[in-house]
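The structure under discussion appears below in the form of structure tokens.
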Amino acid sequence: MNWYLEVLKKYVVFSGRARRKEHWMFFLFNILAVVIVATVDLAIGTFPLLYPIYFLAVLLPHLGVTVRRLHDTGRSGWSVLFGLIPVVGGIILIVFLAAEGEQHQNAYGPSPKPAAAI
């Protein structure tokens, strides 16, 4: 849950880098929240009211953590636009987001991973 809240605190931060764990934990908690919100929305008979409100509320944080994750792999945040290409674009974007981040400082800042213990 802490990972989800940390991303929300960086609501529109598109600079810097994000670890794989930060991105994928936010993604996981976001999926769970979507299921809960959609279920509540259906249960109280207001579907589609709460779901689009939640979607709009987390759109910028999700985009921000995705851009920071791409920065960690050494790619520009504009690479997120690959997701707009039907079928293949989504697969390419998933591969980029799942790739190991650069261990050293890159153009987007220092590595977010703690230094390995010696």
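By convention here, the chains of the structure tokens are called A, B, ... in the order presented, each chain's residues are numbered starting at 1, and ligands are numbered starting at 1 in the order presented.
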
For this session: Within 7 Å of range 12-26 of chain A, counting only C-alpha atoms, which residues show up once you throw out same-chain ones fewer than 3 positions away? Write them as a list of chain:residue names, please.
Result: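 In the requested form, the answer reads A:Trp3, A:Tyr4, A:Phe29, A:Asn30, A:Leu60, A:Pro61, A:Gly64, A:Val65, A:Thr66, A:Val67, A:Arg68, A:Arg69, A:His71, A:Asp72, A:Ala98, A:Tyr108, A:Gly109, A:Pro112, A:Lys113.
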
Problem set entry | Test item, alpha helix (DSSP H) assignment across chain A, answer as a ChimeraX atom specification | /A:2-9,20-43,50-72,88-98

Problem set entry | Selection: 7 Å around range 77-82 of chain A, only C-alpha atoms, excl. self and same-chain fewer than 6 positions, as an NGL selection string | :A and (67 or 70-71 or 89-90 or 92-93)

Problem set entry | Contact residues around Val34 in chain A with only C-alpha atoms at 10 Å, ignoring same-chain residues under 5 positions, as number ranges by chain | A: 28-29, 39-40, 50-52, 54-55

Problem set entry | Å distance separating CA of Gln105 in chain A from CA of Lys10 in chain A, one decimal place |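 Pair CA of Gln105 in chain A / CA of Lys10 in chain A returns 20.8 Å.
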
Problem set entry | Neighbour list for Gly74 in chain A as a list in words, cut-off 9 Å, only C-alpha atoms, skip fewer than 6 positions in-chain |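 Close residues of Gly74 in chain A: Gly101, Glu102, Asn106, Ala107 and Tyr108 of chain A.
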
Can you write just those residues out, C-alpha atoms, as a PDB file, in the first residue's frame?
```
ATOM      1  CA  GLY A 101      16.949  -0.134 -14.996  1.00  0.00           C
ATOM      2  CA  GLU A 102      20.362   1.348 -15.635  1.00  0.00           C
ATOM      3  CA  ASN A 106      21.863   8.484 -16.588  1.00  0.00           C
ATOM      4  CA  ALA A 107      20.472  11.675 -18.150  1.00  0.00           C
ATOM      5  CA  TYR A 108      17.418  11.454 -15.886  1.00  0.00           C
TER       6      TYR A 108
END
```

Exercise. CA of Met1 in chain A to CA of Ala57 in chain A: how many Å, to one decimal?
Worked result: 17.1 Å
